[in-house]
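Enquirer: Structure provided below as structure tokens; questions to follow.
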Amino acid sequence: MSSSEICDQPAKKRKLEERPLIDLKNTPPGEDCGCEPECDCGDTTMPSIEKNGSSVINGSAHQNGSSEDGSAKLNEDLYSRQLYTLGRSAMLELRKSKVLISGMRGLGVEIAKNVILAGVKQVAIHDTGSAEMADLSSQYYLSELDIGKNRAKSCWEKLAELNPEVNVQCLEMPLTTELVKDFNVVVLTESNLEEVRKIGDFCHSKKIRFILARTAGLFGKIFCDFGEGFEVNDTNGEEPLSVIIENISHDADGEVACLDELRHGFEDGDWVTFKEVEGMTEINDKEFQVQVTSPYKFKIGDTSKFSPYTTKGIALQVKKPKIFNFKSYSESVKDPEILIVDFAKFTTPRQLHFAFQALDKFVASSKRLPLPRNAADAKKLFALCKEIAGEGEEFDEKFIDTFSFTCAGDVAPMNGVIGGIAAQEVIKAITGKYMPINQWFYFDSVESLPEDQSALTEKECAPQNTRYDGQIKVFGAKTQSDFSKLNSFIVGAGAIGCEHLKNFSLMGVSCGSGKMLITDMDTIETSNLNRQFLFRKEDVKSEKSATAAKAAKSFNSQLNIESKFEKVCAETESIFGDDFFDSLDFVANALDNIAAREYMDRRCVYYRKPLLESGTLGSKGNTQVVIPFLTESYSTTRDPPENSYPICTLKNFPYEITHTLQWAREEFETMFATPFSAAAQLSEIAGDSAKVDDHFATLKKSPASQCRETLVQLQTVLRERPANFEDCVLWARNQWLDRFHNQIAQLLFAFPPDRTTSSGALFWSPPKRCPKPLDIDVTWQYCIEYITAAALLRAENFNIRSEEQVWMSKAKANATMDEVRNILAKLPPAPQFKPKEGVRIAENDSQLSQMDQESEGEIDNLIEDVRKMLKSQMGKSSQLNLKPIDFEKDDDRNWHIDYITAASNCRATNYSIELADKLKSKQIAGKIIPAIATTTALISGLVCLELYKIVNKCNNIERYKCAFVNLALPYFGFSEPLPPPKNKYNEVEWTLWDRFDLNHKDLPTVKHLIDHFQTKHNMEVQMISYGVSMLYSFFMPPAKQKTRQGQSIKAVIEEISKAELPKHVKYVVLELCVEQDGEDLDLPYIKYQVR
């Protein structure tokens, strides 16, 4: 074996623990293997790799997330967002799997990055070739210093650092069947046709999952062979549907009706099971196939032999596995089954199927790729296409020419697209989660090329021995120069932001005279590391934007980048103001909330800047391109509002776990945050009665029930200050009794189980669930966890225990709960609760609203009581020494999610609702968005393919693409962006991109502005407004009108706002209400220069 086949330990000091190379081949069983002492070495590395002498390069070769018995375990903090996408069973399968990825150019490293982040057990990266300058166009873990060195060897350390829980290996020897035989999945990205056939067919015969991925300029392909009898256990990744039942007919063709005409969402052929059905109890826990009869009803077959249905019941979808039989590469390539991606390009996938085969033949005979824009090579490739396809196959010669002209290129965004999809297929191959590509996938982005390609000559696209040669071969040297001059703004440094930085730096954006700015006011958390690949464990708590900018600079030292730790909002317009936006060429959003997206959209419309918008949700993703004057904006269409629940449902009548979790989340705020914030604020302003009045006035604007609860808790804070931890435990016990026994007993007193409505129906009919009071049981997990978490949080509120002490108590949670049990045992018993007469409980939100209106006097009394308590407390001390607790879902040490999970599950037990574990509770209560690196890589790649069109100043809306993808199905939908809606005045059409550009020099006063519209547009100005301020109106008193008309716009604004316009403000936005011939007109806004 030659020394070149072994990846030597790098001289550069690694952040991971260094360890000598392990020659497992020569280590007899039971002898020292070089691992940590606790390693049982029951499952080391892959035998085939050991025989070929490869080296283990991850410093934690055996500490890869396995438990002591060798079974996989999960780091839920690290993988939490991915767990919400894939599920626990799929993640456990990943943690046991071994993947080989051959070819470490841009596509190979992208697939490896995504697979390593996903958390498989072992990844082996393989390459026999040496790095070249052109590789730097898309291989971000190579640098100029690596040219001439083996590609795999040069990038394995950086890949290993992505996820210390994954065992990453480096292979440099030739690819053989012996080398691949012990892997679960094999991925090829650079292999020639002979190697693909040999390895692909071998994998098929040995039931090894095989994936072929390839990019060629603006074209890409994927082939999947997961063998015969491959089982997919979840075809779409969606939560199983469930619906509450209203009735089930008792006949030979039993029909199920859903409650309140709720859509069931089932399809013909789906399977359902039933639970909690009364009367027809025989169907509980049995499975039935569905025949849909309407959106609200479905049939399940003969129910006549069962007992008649009486009431209640839930129908729950059952996901059935689906079996696929894949063909081998050699068999499938002759008769391909191709997934259609873009229905506007229905014929191109088949043409690409032959074009890629022709490319392989061309390379085999010519020992090189077709030269960029070389007509002779294009002619030869076209002839090969026709030869391979045979008679009867039609080709678009211009399309094949474009393929030949650009296939030598290496474009980073295309590698992002194909790399993201291929890595997801690796995950599917391992887990059986989601529908695989069956079997061929082709994708192109020829629209990214200029419409007029006459300037793209052979000379223009010739390589120049620069890191951008892979892109120059496709787009030419001039476009590359244009990229370097761009001034760009990335908003957000999360998962999409990291991917944008990677792509932009490789593309050469802002790598010359241009400048890039990235801003994000968030810091790095452990849960980010699973998909925000620019961050490492040692970066936790650092600023995202600064850390990401530094990492992107390491990809391309020519990148001119600056980072800011700022939010984009009205308050930061002094930073991101007129001069800043005027200098920009485009904006890329990488945000996670609608409000921020809409704000940035408004700014881009105002400054007429192109906006690249995108988002992900687990396996789903979307992109939107916003081009001034050409397309609608992001805000033109609105997303549907988030689900909200009636207050009464949450307060008294929950029937889903989401209800109890939302209730628990609100309980957290009411008990540990809001009253303590209020008390702290009140203590600061206690000496200023006007500010105290304002504080209570603001509080009264909240819903009456919420206001009352806050005031009651505020009373408790001021009245019942605990002296020690034992007092906190006593308080927590009483809170548990009040919520899970007393309140439920009072509710049942008001609405007994047999209560009927005015129509004679049972009050506790679906969806209502009749509750039962609970008794304290300190041996029950959720009871003791509630009391412990509540006591600790209370102690932290009053600074009886510090945050660090609370964290320490979590490290020894069982001991802490035992301590609480001992304290509880010594407490005097709580007084027995007796329901009270005359207590009103709202049955619905309308009754609650009426009761709130009636309780105005009660709230005033509570406020007065709080005032007196505050005065008494402040007389004893100038500071209340209180600590409000801000909810933090991602720090497991703080007991926040423990409290919410316990509170929700205690309440769910009250109402016989299925409980949720801590992971699911965290997702729902924390409103966590599922995420996975594969989707993010794909979406960023699609976004960056649109950037080429912007840089080439494409003004044809038909060439731009908005995308919606779902990797679970897999589904890829592309459409043209919509044009902006048109309006009209005086026969002049206008859109949201239009405005009146006016200035203080031409129109110095309000009267000048009014006269301008009267004389130039024949419009009578009725009102002039600035934001929410009315600068002028026709109904003002005549004297005031005259005064205003004589003032400048700037002076009126400053008079009304009682403040000078900030110096950075050069323009203001004015809105007009005008009439013409007695009719109101809609007009564009005015951008008015004030200085």
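Note on naming: chains are A, B, ... as they come in the structure tokens, residues start from 1 per chain, ligands start from 1 in the order shown.
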Using 12 Å as the limit and counting only C-alpha atoms, can you tabulate each residue of range 392-417 of chain A that touches range 131-134 of chain A, with its shortest atom-to-atom distance in Å and the two atoms involved, as CSV?
Expert:
```
residue,atom,partner,partner_atom,distance
A:Ala408,CA,A:Ala134,CA,10.4
A:Gly409,CA,A:Ala134,CA,9.0
A:Asp410,CA,A:Ala134,CA,7.9
A:Val411,CA,A:Ala134,CA,10.5
A:Ala412,CA,A:Ala134,CA,11.6
```
Enquirer: Show me, as a tab-separated table, the residues of range 385-480 of chain A having an atom within 7 Å of range 325-338 of chain A, each with the closest atom pair and its distance in Å, using only C-alpha atoms.
Expert:
```
residue	atom	partner	partner_atom	distance
A:Asn438	CA	A:Glu337	CA	6.7
A:Gln439	CA	A:Glu337	CA	5.8
A:Trp440	CA	A:Ile338	CA	4.6
A:Phe441	CA	A:Ile338	CA	5.8
```
Enquirer: Write the selection just made, keeping N, CA and C atoms, as an mmCIF file, in the first residue's frame?
Expert:
```
data_model
loop_
_atom_site.group_PDB
_atom_site.id
_atom_site.type_symbol
_atom_site.label_atom_id
_atom_site.label_comp_id
_atom_site.auth_asym_id
_atom_site.auth_seq_id
_atom_site.Cartn_x
_atom_site.Cartn_y
_atom_site.Cartn_z
ATOM 1 N N ASN A 438 -37.862 8.230 -8.209
ATOM 2 C CA ASN A 438 -38.029 6.917 -8.847
ATOM 3 C C ASN A 438 -38.009 7.072 -10.376
ATOM 4 N N GLN A 439 -36.848 6.950 -11.023
ATOM 5 C CA GLN A 439 -35.504 6.786 -10.489
ATOM 6 C C GLN A 439 -34.594 7.911 -10.974
ATOM 7 N N TRP A 440 -35.011 8.639 -12.058
ATOM 8 C CA TRP A 440 -34.155 9.658 -12.662
ATOM 9 C C TRP A 440 -34.715 11.051 -12.402
ATOM 10 N N PHE A 441 -33.812 11.985 -12.185
ATOM 11 C CA PHE A 441 -34.174 13.379 -11.938
ATOM 12 C C PHE A 441 -33.224 14.248 -12.758
#
```
Enquirer: Skip Ala732 in chain A itself and residues of its chain fewer than 5 positions away, then list as a list in words all residues within 6 Å of it, counting only C-alpha atoms.
Expert: Ile787, Ala790 and Ala791 of chain A
Enquirer: Write out as a ChimeraX atom specification all residues of range 614-713 of chain A that backbone DSSP assigns to strand (DSSP E).
Expert: /A:614-617,620-626
Enquirer: Would you pick out the contacts of Gln1047 in chain A at 9 Å or less, using only C-alpha atoms, so that residues sharing its chain but fewer than 3 positions from it are not included, and give the list as a list of chain:residue names?
Expert: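 What passes the distance filter is A:Pro1004, A:Thr1005, A:Val1006, A:Lys1007, A:Thr1043, A:Arg1044, A:Lys1050, A:Ala1051, A:Val1052.
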Enquirer: Going by DSSP on the backbone, which bits of range 719-818 of chain A are alpha helix (DSSP H)? Write them as an NGL selection string, please.
Expert: :A and (719 or 725-737 or 743-750 or 781-797 or 803-811 or 813-818)
Enquirer: Using only C-alpha atoms for the distances, tell me which of A:Phe1034, A:Phe443, A:Phe298, A:Tyr1085 is nearest to Leu942 in chain A.
Expert: A:Phe443
Enquirer: Got a sec: who's within 8 Å of range 416-425 of chain A, counting only C-alpha atoms, leaving out chain neighbours fewer than 2 positions off, as a PDB file with N, CA, C and O atoms, in the first residue's frame?
Expert:
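Done, and the output landed in around.pdb:
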```pdb
ATOM      1  N   LEU A 107     -19.888  19.460  -5.967  1.00  0.00           N
ATOM      2  CA  LEU A 107     -21.099  18.682  -5.696  1.00  0.00           C
ATOM      3  C   LEU A 107     -20.857  17.675  -4.586  1.00  0.00           C
ATOM      4  O   LEU A 107     -21.683  17.531  -3.673  1.00  0.00           O
ATOM      5  N   GLY A 108     -19.743  16.977  -4.646  1.00  0.00           N
ATOM      6  CA  GLY A 108     -19.454  15.969  -3.628  1.00  0.00           C
ATOM      7  C   GLY A 108     -19.348  16.553  -2.242  1.00  0.00           C
ATOM      8  O   GLY A 108     -19.876  15.992  -1.271  1.00  0.00           O
ATOM      9  N   GLU A 110     -20.715  19.255  -1.191  1.00  0.00           N
ATOM     10  CA  GLU A 110     -22.044  19.733  -0.782  1.00  0.00           C
ATOM     11  C   GLU A 110     -22.883  18.578  -0.235  1.00  0.00           C
ATOM     12  O   GLU A 110     -23.544  18.703   0.800  1.00  0.00           O
ATOM     13  N   ILE A 111     -22.857  17.446  -0.908  1.00  0.00           N
ATOM     14  CA  ILE A 111     -23.593  16.277  -0.417  1.00  0.00           C
ATOM     15  C   ILE A 111     -23.011  15.827   0.919  1.00  0.00           C
ATOM     16  O   ILE A 111     -23.753  15.547   1.869  1.00  0.00           O
ATOM     17  N   ALA A 112     -21.673  15.774   1.001  1.00  0.00           N
ATOM     18  CA  ALA A 112     -21.031  15.336   2.244  1.00  0.00           C
ATOM     19  C   ALA A 112     -21.388  16.261   3.391  1.00  0.00           C
ATOM     20  O   ALA A 112     -21.694  15.799   4.499  1.00  0.00           O
ATOM     21  N   ASN A 114     -24.059  18.087   3.836  1.00  0.00           N
ATOM     22  CA  ASN A 114     -25.446  17.887   4.254  1.00  0.00           C
ATOM     23  C   ASN A 114     -25.650  16.562   4.981  1.00  0.00           C
ATOM     24  O   ASN A 114     -26.404  16.492   5.961  1.00  0.00           O
ATOM     25  N   VAL A 115     -24.988  15.510   4.514  1.00  0.00           N
ATOM     26  CA  VAL A 115     -25.133  14.193   5.144  1.00  0.00           C
ATOM     27  C   VAL A 115     -24.480  14.182   6.521  1.00  0.00           C
ATOM     28  O   VAL A 115     -25.025  13.614   7.483  1.00  0.00           O
ATOM     29  N   ILE A 211     -26.671   5.940  -5.321  1.00  0.00           N
ATOM     30  CA  ILE A 211     -27.111   7.237  -5.839  1.00  0.00           C
ATOM     31  C   ILE A 211     -26.014   7.790  -6.739  1.00  0.00           C
ATOM     32  O   ILE A 211     -24.836   7.803  -6.369  1.00  0.00           O
ATOM     33  N   ALA A 213     -25.068  11.286  -8.685  1.00  0.00           N
ATOM     34  CA  ALA A 213     -25.389  12.712  -8.786  1.00  0.00           C
ATOM     35  C   ALA A 213     -24.334  13.387  -9.650  1.00  0.00           C
ATOM     36  O   ALA A 213     -23.143  13.057  -9.556  1.00  0.00           O
ATOM     37  N   ARG A 214     -24.761  14.336 -10.446  1.00  0.00           N
ATOM     38  CA  ARG A 214     -23.830  14.967 -11.384  1.00  0.00           C
ATOM     39  C   ARG A 214     -24.313  16.366 -11.705  1.00  0.00           C
ATOM     40  O   ARG A 214     -25.515  16.605 -11.833  1.00  0.00           O
ATOM     41  N   THR A 215     -23.386  17.305 -11.848  1.00  0.00           N
ATOM     42  CA  THR A 215     -23.717  18.625 -12.374  1.00  0.00           C
ATOM     43  C   THR A 215     -22.794  18.907 -13.549  1.00  0.00           C
ATOM     44  O   THR A 215     -21.652  18.437 -13.597  1.00  0.00           O
ATOM     45  N   GLY A 220     -28.105  19.464 -14.140  1.00  0.00           N
ATOM     46  CA  GLY A 220     -27.822  18.493 -13.091  1.00  0.00           C
ATOM     47  C   GLY A 220     -28.699  17.265 -13.230  1.00  0.00           C
ATOM     48  O   GLY A 220     -29.771  17.303 -13.863  1.00  0.00           O
ATOM     49  N   LYS A 221     -28.218  16.152 -12.649  1.00  0.00           N
ATOM     50  CA  LYS A 221     -29.007  14.920 -12.691  1.00  0.00           C
ATOM     51  C   LYS A 221     -28.772  14.128 -11.412  1.00  0.00           C
ATOM     52  O   LYS A 221     -27.737  14.261 -10.754  1.00  0.00           O
ATOM     53  N   ILE A 222     -29.761  13.282 -11.095  1.00  0.00           N
ATOM     54  CA  ILE A 222     -29.671  12.340  -9.981  1.00  0.00           C
ATOM     55  C   ILE A 222     -30.299  11.032 -10.429  1.00  0.00           C
ATOM     56  O   ILE A 222     -31.358  11.023 -11.079  1.00  0.00           O
ATOM     57  N   CYS A 224     -31.321   7.205  -8.645  1.00  0.00           N
ATOM     58  CA  CYS A 224     -31.454   6.468  -7.384  1.00  0.00           C
ATOM     59  C   CYS A 224     -31.796   5.001  -7.651  1.00  0.00           C
ATOM     60  O   CYS A 224     -32.687   4.706  -8.456  1.00  0.00           O
ATOM     61  N   ALA A 412     -21.629  27.092  -8.463  1.00  0.00           N
ATOM     62  CA  ALA A 412     -21.917  26.793  -7.060  1.00  0.00           C
ATOM     63  C   ALA A 412     -23.409  26.630  -6.765  1.00  0.00           C
ATOM     64  O   ALA A 412     -23.796  25.676  -6.079  1.00  0.00           O
ATOM     65  N   PRO A 413     -24.301  27.522  -7.224  1.00  0.00           N
ATOM     66  CA  PRO A 413     -25.722  27.341  -6.915  1.00  0.00           C
ATOM     67  C   PRO A 413     -26.301  26.026  -7.456  1.00  0.00           C
ATOM     68  O   PRO A 413     -27.149  25.420  -6.803  1.00  0.00           O
ATOM     69  N   MET A 414     -25.840  25.585  -8.632  1.00  0.00           N
ATOM     70  CA  MET A 414     -26.349  24.319  -9.165  1.00  0.00           C
ATOM     71  C   MET A 414     -25.902  23.159  -8.294  1.00  0.00           C
ATOM     72  O   MET A 414     -26.665  22.212  -8.044  1.00  0.00           O
ATOM     73  N   ILE A 427     -30.733  10.301   2.879  1.00  0.00           N
ATOM     74  CA  ILE A 427     -31.512  10.150   4.115  1.00  0.00           C
ATOM     75  C   ILE A 427     -32.706   9.226   3.872  1.00  0.00           C
ATOM     76  O   ILE A 427     -33.032   8.363   4.698  1.00  0.00           O
ATOM     77  N   LYS A 428     -33.372   9.374   2.740  1.00  0.00           N
ATOM     78  CA  LYS A 428     -34.497   8.495   2.414  1.00  0.00           C
ATOM     79  C   LYS A 428     -34.034   7.042   2.285  1.00  0.00           C
ATOM     80  O   LYS A 428     -34.715   6.116   2.742  1.00  0.00           O
ATOM     81  N   ALA A 429     -32.885   6.863   1.640  1.00  0.00           N
ATOM     82  CA  ALA A 429     -32.373   5.508   1.436  1.00  0.00           C
ATOM     83  C   ALA A 429     -32.103   4.808   2.759  1.00  0.00           C
ATOM     84  O   ALA A 429     -32.299   3.596   2.888  1.00  0.00           O
ATOM     85  N   PRO A 436     -38.906   8.364  -2.391  1.00  0.00           N
ATOM     86  CA  PRO A 436     -37.650   8.571  -3.114  1.00  0.00           C
ATOM     87  C   PRO A 436     -37.898   9.001  -4.554  1.00  0.00           C
ATOM     88  O   PRO A 436     -39.008   8.878  -5.076  1.00  0.00           O
ATOM     89  N   ILE A 437     -36.867   9.545  -5.181  1.00  0.00           N
ATOM     90  CA  ILE A 437     -36.913   9.797  -6.621  1.00  0.00           C
ATOM     91  C   ILE A 437     -36.913   8.441  -7.328  1.00  0.00           C
ATOM     92  O   ILE A 437     -36.040   7.616  -7.095  1.00  0.00           O
ATOM     93  N   ALA A 933     -30.913  20.642   6.838  1.00  0.00           N
ATOM     94  CA  ALA A 933     -29.905  21.304   6.012  1.00  0.00           C
ATOM     95  C   ALA A 933     -30.137  21.082   4.524  1.00  0.00           C
ATOM     96  O   ALA A 933     -29.814  21.943   3.700  1.00  0.00           O
ATOM     97  N   THR A 934     -30.683  19.930   4.141  1.00  0.00           N
ATOM     98  CA  THR A 934     -30.866  19.622   2.725  1.00  0.00           C
ATOM     99  C   THR A 934     -31.795  20.626   2.043  1.00  0.00           C
ATOM    100  O   THR A 934     -31.491  21.120   0.950  1.00  0.00           O
ATOM    101  N   THR A 935     -32.913  20.928   2.670  1.00  0.00           N
ATOM    102  CA  THR A 935     -33.860  21.883   2.094  1.00  0.00           C
ATOM    103  C   THR A 935     -33.232  23.259   1.979  1.00  0.00           C
ATOM    104  O   THR A 935     -33.402  23.960   0.975  1.00  0.00           O
ATOM    105  N   THR A 936     -32.504  23.657   3.016  1.00  0.00           N
ATOM    106  CA  THR A 936     -31.884  24.974   3.026  1.00  0.00           C
ATOM    107  C   THR A 936     -30.874  25.117   1.890  1.00  0.00           C
ATOM    108  O   THR A 936     -30.825  26.143   1.210  1.00  0.00           O
ATOM    109  N   ALA A 937     -30.049  24.078   1.681  1.00  0.00           N
ATOM    110  CA  ALA A 937     -29.062  24.127   0.604  1.00  0.00           C
ATOM    111  C   ALA A 937     -29.745  24.251  -0.753  1.00  0.00           C
ATOM    112  O   ALA A 937     -29.323  25.039  -1.614  1.00  0.00           O
ATOM    113  N   LEU A 938     -30.808  23.483  -0.954  1.00  0.00           N
ATOM    114  CA  LEU A 938     -31.556  23.528  -2.204  1.00  0.00           C
ATOM    115  C   LEU A 938     -32.148  24.912  -2.448  1.00  0.00           C
ATOM    116  O   LEU A 938     -32.012  25.487  -3.540  1.00  0.00           O
ATOM    117  N   ILE A 939     -32.808  25.461  -1.440  1.00  0.00           N
ATOM    118  CA  ILE A 939     -33.500  26.739  -1.593  1.00  0.00           C
ATOM    119  C   ILE A 939     -32.513  27.869  -1.873  1.00  0.00           C
ATOM    120  O   ILE A 939     -32.737  28.718  -2.741  1.00  0.00           O
ATOM    121  N   SER A 940     -31.408  27.898  -1.156  1.00  0.00           N
ATOM    122  CA  SER A 940     -30.407  28.935  -1.418  1.00  0.00           C
ATOM    123  C   SER A 940     -29.858  28.806  -2.834  1.00  0.00           C
ATOM    124  O   SER A 940     -29.635  29.813  -3.521  1.00  0.00           O
ATOM    125  N   GLY A 941     -29.634  27.571  -3.286  1.00  0.00           N
ATOM    126  CA  GLY A 941     -29.169  27.373  -4.655  1.00  0.00           C
ATOM    127  C   GLY A 941     -30.149  27.929  -5.675  1.00  0.00           C
ATOM    128  O   GLY A 941     -29.749  28.601  -6.642  1.00  0.00           O
ATOM    129  N   LEU A 942     -31.439  27.682  -5.482  1.00  0.00           N
ATOM    130  CA  LEU A 942     -32.453  28.208  -6.393  1.00  0.00           C
ATOM    131  C   LEU A 942     -32.480  29.731  -6.374  1.00  0.00           C
ATOM    132  O   LEU A 942     -32.635  30.379  -7.419  1.00  0.00           O
ATOM    133  N   LEU A 967     -39.349  18.194  -0.620  1.00  0.00           N
ATOM    134  CA  LEU A 967     -38.455  17.065  -0.821  1.00  0.00           C
ATOM    135  C   LEU A 967     -39.056  15.751  -0.330  1.00  0.00           C
ATOM    136  O   LEU A 967     -38.581  14.684  -0.687  1.00  0.00           O
TER     137      LEU A 967
END
```
Enquirer: Let me make sure I understand: among A:Lys544, A:Lys433, A:His1064, A:Arg719, which one has the smallest atom-to-atom distance to Ser872 in chain A if we use only C-alpha atoms?
Expert: A:Arg719
Enquirer: So how far away is CA of Cys648 in chain A from CA of Asn844 in chain A, in Å?
Expert: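 So the answer is 5.5 Å.
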Enquirer: Near range 343-353 of chain A, within 12 Å and counting only C-alpha atoms, which residues show up once chain neighbours fewer than 5 positions away are dropped, as a ChimeraX atom specification?
Expert: /A:214-216,218-223,332-338,358-360,381-382,385-386,388-389,393-404,407,439-447,958-959,961,971-976
Enquirer: Extract, using only C-alpha atoms, all DNA, RNA and protein residues at most 12 Å from Cys954 in chain A, discarding same-chain residues fewer than 4 positions from it, and format them as a PDB file with N, CA, C and O atoms, in the first residue's frame.
Expert:
```pdb
ATOM      1  N   GLU A 447     -32.420  29.471 -18.152  1.00  0.00           N
ATOM      2  CA  GLU A 447     -32.920  30.850 -18.083  1.00  0.00           C
ATOM      3  C   GLU A 447     -31.945  31.776 -17.366  1.00  0.00           C
ATOM      4  O   GLU A 447     -32.058  32.999 -17.466  1.00  0.00           O
ATOM      5  N   SER A 448     -31.008  31.197 -16.608  1.00  0.00           N
ATOM      6  CA  SER A 448     -30.016  32.032 -15.925  1.00  0.00           C
ATOM      7  C   SER A 448     -29.040  32.672 -16.902  1.00  0.00           C
ATOM      8  O   SER A 448     -28.369  33.645 -16.568  1.00  0.00           O
ATOM      9  N   LEU A 449     -28.943  32.101 -18.113  1.00  0.00           N
ATOM     10  CA  LEU A 449     -28.107  32.705 -19.148  1.00  0.00           C
ATOM     11  C   LEU A 449     -28.808  33.931 -19.725  1.00  0.00           C
ATOM     12  O   LEU A 449     -30.041  34.024 -19.708  1.00  0.00           O
ATOM     13  N   PRO A 450     -28.045  34.889 -20.263  1.00  0.00           N
ATOM     14  CA  PRO A 450     -28.686  36.060 -20.887  1.00  0.00           C
ATOM     15  C   PRO A 450     -29.536  35.640 -22.080  1.00  0.00           C
ATOM     16  O   PRO A 450     -29.239  34.650 -22.763  1.00  0.00           O
ATOM     17  N   GLU A 451     -30.605  36.389 -22.329  1.00  0.00           N
ATOM     18  CA  GLU A 451     -31.421  36.099 -23.514  1.00  0.00           C
ATOM     19  C   GLU A 451     -30.589  36.260 -24.782  1.00  0.00           C
ATOM     20  O   GLU A 451     -30.652  35.449 -25.697  1.00  0.00           O
ATOM     21  N   ASP A 452     -29.816  37.322 -24.829  1.00  0.00           N
ATOM     22  CA  ASP A 452     -28.916  37.553 -25.955  1.00  0.00           C
ATOM     23  C   ASP A 452     -27.537  37.023 -25.570  1.00  0.00           C
ATOM     24  O   ASP A 452     -26.840  37.602 -24.732  1.00  0.00           O
ATOM     25  N   PRO A 610     -33.981  45.097  -6.232  1.00  0.00           N
ATOM     26  CA  PRO A 610     -34.369  43.684  -6.362  1.00  0.00           C
ATOM     27  C   PRO A 610     -34.258  42.972  -5.008  1.00  0.00           C
ATOM     28  O   PRO A 610     -33.330  43.224  -4.235  1.00  0.00           O
ATOM     29  N   ILE A 627     -38.671  42.000  -8.568  1.00  0.00           N
ATOM     30  CA  ILE A 627     -37.906  42.852  -9.468  1.00  0.00           C
ATOM     31  C   ILE A 627     -38.663  44.166  -9.670  1.00  0.00           C
ATOM     32  O   ILE A 627     -39.846  44.154 -10.041  1.00  0.00           O
ATOM     33  N   PRO A 628     -37.990  45.297  -9.450  1.00  0.00           N
ATOM     34  CA  PRO A 628     -38.672  46.597  -9.594  1.00  0.00           C
ATOM     35  C   PRO A 628     -39.346  46.752 -10.954  1.00  0.00           C
ATOM     36  O   PRO A 628     -38.765  46.440 -11.999  1.00  0.00           O
ATOM     37  N   LEU A 630     -41.288  45.102 -12.546  1.00  0.00           N
ATOM     38  CA  LEU A 630     -41.563  43.912 -13.335  1.00  0.00           C
ATOM     39  C   LEU A 630     -42.501  42.939 -12.630  1.00  0.00           C
ATOM     40  O   LEU A 630     -43.366  42.330 -13.256  1.00  0.00           O
ATOM     41  N   GLU A 946     -31.369  32.745  -9.552  1.00  0.00           N
ATOM     42  CA  GLU A 946     -32.097  33.948  -9.963  1.00  0.00           C
ATOM     43  C   GLU A 946     -31.194  35.172  -9.977  1.00  0.00           C
ATOM     44  O   GLU A 946     -31.416  36.112 -10.745  1.00  0.00           O
ATOM     45  N   LEU A 947     -30.162  35.169  -9.134  1.00  0.00           N
ATOM     46  CA  LEU A 947     -29.253  36.315  -9.067  1.00  0.00           C
ATOM     47  C   LEU A 947     -28.524  36.522 -10.396  1.00  0.00           C
ATOM     48  O   LEU A 947     -28.238  37.662 -10.783  1.00  0.00           O
ATOM     49  N   TYR A 948     -28.201  35.432 -11.100  1.00  0.00           N
ATOM     50  CA  TYR A 948     -27.565  35.584 -12.412  1.00  0.00           C
ATOM     51  C   TYR A 948     -28.434  36.440 -13.337  1.00  0.00           C
ATOM     52  O   TYR A 948     -27.929  37.255 -14.108  1.00  0.00           O
ATOM     53  N   LYS A 949     -29.737  36.255 -13.264  1.00  0.00           N
ATOM     54  CA  LYS A 949     -30.650  37.001 -14.130  1.00  0.00           C
ATOM     55  C   LYS A 949     -30.657  38.479 -13.755  1.00  0.00           C
ATOM     56  O   LYS A 949     -30.719  39.354 -14.623  1.00  0.00           O
ATOM     57  N   ILE A 950     -30.592  38.750 -12.440  1.00  0.00           N
ATOM     58  CA  ILE A 950     -30.571  40.142 -11.984  1.00  0.00           C
ATOM     59  C   ILE A 950     -29.296  40.830 -12.456  1.00  0.00           C
ATOM     60  O   ILE A 950     -29.323  41.962 -12.954  1.00  0.00           O
ATOM     61  N   GLU A 958     -40.843  36.266 -17.943  1.00  0.00           N
ATOM     62  CA  GLU A 958     -41.005  34.837 -18.217  1.00  0.00           C
ATOM     63  C   GLU A 958     -39.747  34.036 -17.904  1.00  0.00           C
ATOM     64  O   GLU A 958     -39.799  32.820 -17.781  1.00  0.00           O
ATOM     65  N   ARG A 959     -38.606  34.698 -17.773  1.00  0.00           N
ATOM     66  CA  ARG A 959     -37.356  33.988 -17.499  1.00  0.00           C
ATOM     67  C   ARG A 959     -37.107  33.835 -15.996  1.00  0.00           C
ATOM     68  O   ARG A 959     -36.266  33.028 -15.591  1.00  0.00           O
ATOM     69  N   TYR A 960     -37.786  34.622 -15.192  1.00  0.00           N
ATOM     70  CA  TYR A 960     -37.635  34.491 -13.741  1.00  0.00           C
ATOM     71  C   TYR A 960     -38.491  33.324 -13.236  1.00  0.00           C
ATOM     72  O   TYR A 960     -39.509  32.984 -13.828  1.00  0.00           O
TER      73      TYR A 960
END
```
